[in-house]
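First the structure, in the form of structure tokens, and then the observations on it.
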Amino acid sequence: MSSLIAVQKPAWYKRLYRKIFTSNDFYKSMQSLFCCTFVMGITPFRIVTLPNGLMTLRTSFFGYFNLLIHLMLMAFCYAYTIYHKESVVGYLLRTKVSDFGNKMHVCSGILGSTMLPVAVILQRKSLEKAFGIFMQADSYLCQLNFNLDYTIVLRYVLFVLSMVGIFDCAMTMICIYCLSSLSVHPSFCLIYLVVAEILGISLTISLYCAMARSVQRRFNHLNKDFTNENELKNKSFKIKMDLIAD
């Protein structure tokens with residue numbers, strides 16, 4: 001008589017933890033970072049799941065529209081702050097040097113907010129090619145029985161994003177507090193520019209660090225020292241040959 005064994009599903013919080021903090025694919029480990037850059041209008045593409053279960057980079061009309069909206073909003077905010085001569089430094093110090101610094105800051109901000117999306121769009125094919133090279137290298141490493149733990153990459157990305165969020169919130173709150181202590185209430189445009197600039201720079205650096213970390217992990221596997229393992233194999237082979245000879 002056959003007995004049925006009841007299989008109990010894991011608790012919901014365990015399933016949620018595995019879904020958020022574990023990954024078995026390189027695309028999934030980078031998905032949260034590209035989602036943040038997509039929302040902020042830094043990149044017009046994001047990582048999506050295809051019907052066959054595979055993940056890939058996909059560019060959509062909404063991505064370009066979202067990028068255009070962010071550019072228009074930042075252009076309006078820069079024009080508003082220039083017209084009203086409003087800046088964080090200008091509220092604290094008003095000299096010719098600070099005015100010149102504010103103008104240079106606005107020029108660099110306009111140049112950066114324009115060139116960064118354009119560079120991302122032009123280099124999209126290179127990024128897709130790099131992802132393909134990563135996946136091909138991972139398939140070769142799997143054939144060599146290397147343990148490719150994508151969960152480490154995912155948790156590294158989540159840790160970087162959490163640090164970026166804490167740092168950006170702290171910087172924004174400090175600026176608002178310093179201005180409020182002077183009985184100054186900055187406009188929405190100035191607050192948006194401060195937050196957008198800090199987030200844009202932080203996410204761009206985070207994306208570079210995550211990609212560099214991924215490359216470093218693969219080079220560490222390729223440059224692994226097998227001297228001790230080969231010596232052990234040679235010694236064990238010699239011992240076996242001696243036993244056979246005896």
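Residue numbers start at 1 in each chain; chains themselves are named A, B, ... in the order of the structure tokens; ligands are numbered from 1 in the order shown.
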Close residues, Arg218 (chain A) itself excluded, 10 Å, only C-alpha atoms, min 3 positions apart in chain, as an MDAnalysis selection string: chainID A and resid 134 137:138 141 148 213:215 221:224
Residues near region 154-167 of chain A, cut-off 7 Å, only C-alpha atoms, skip fewer than 5 positions along chain, as a list of chain:residue names: A:Phe21, A:Ser23, A:Ser29, A:Met30, A:Leu33, A:Ser202, A:Ser206, A:Ala210
task: For Ile42 (chain A), work out the shell of residues within 8 Å, counting only C-alpha atoms and skipping chain neighbours fewer than 5 positions away, then give it as a list of chain:residue names.
output: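 Result of the neighbour search: A:Thr37, A:Leu67, A:Leu116, A:Pro117, A:Val120, A:Gly200.
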Please save N, CA and C atoms of the selected residues as a compact mmCIF listing (two decimals), in the first residue's frame.
```
# COMPACT_ATOMS: atom_id res chain seq x y z
N THR A 37 17.65 53.07 -12.68
CA THR A 37 18.11 53.98 -13.73
C THR A 37 17.01 54.26 -14.75
N LEU A 67 12.50 59.40 -20.53
CA LEU A 67 13.77 60.13 -20.61
C LEU A 67 13.55 61.56 -21.09
N LEU A 116 24.65 62.52 -20.80
CA LEU A 116 24.56 61.18 -20.21
C LEU A 116 23.50 60.32 -20.92
N PRO A 117 22.25 60.79 -21.09
CA PRO A 117 21.29 59.95 -21.82
C PRO A 117 21.68 59.69 -23.26
N VAL A 120 24.28 57.02 -23.28
CA VAL A 120 23.68 55.72 -22.97
C VAL A 120 22.97 55.14 -24.18
N GLY A 200 21.29 61.00 -9.84
CA GLY A 200 21.86 60.67 -11.15
C GLY A 200 23.33 60.29 -11.06
```
message: as a PyMOL selection string, please: the residues near region 176-192 of chain A (cut-off 7 Å, only C-alpha atoms, same-chain neighbours under 5 positions excluded).
response: chain A and resi 77+81+87
message: Let's see if you can do this: from backbone DSSP, list all alpha helix (DSSP H) residues in region 50-148 of chain A, as a VMD selection string.
response: chain A and resid 61 to 83 88 to 92 96 to 122 124 to 143
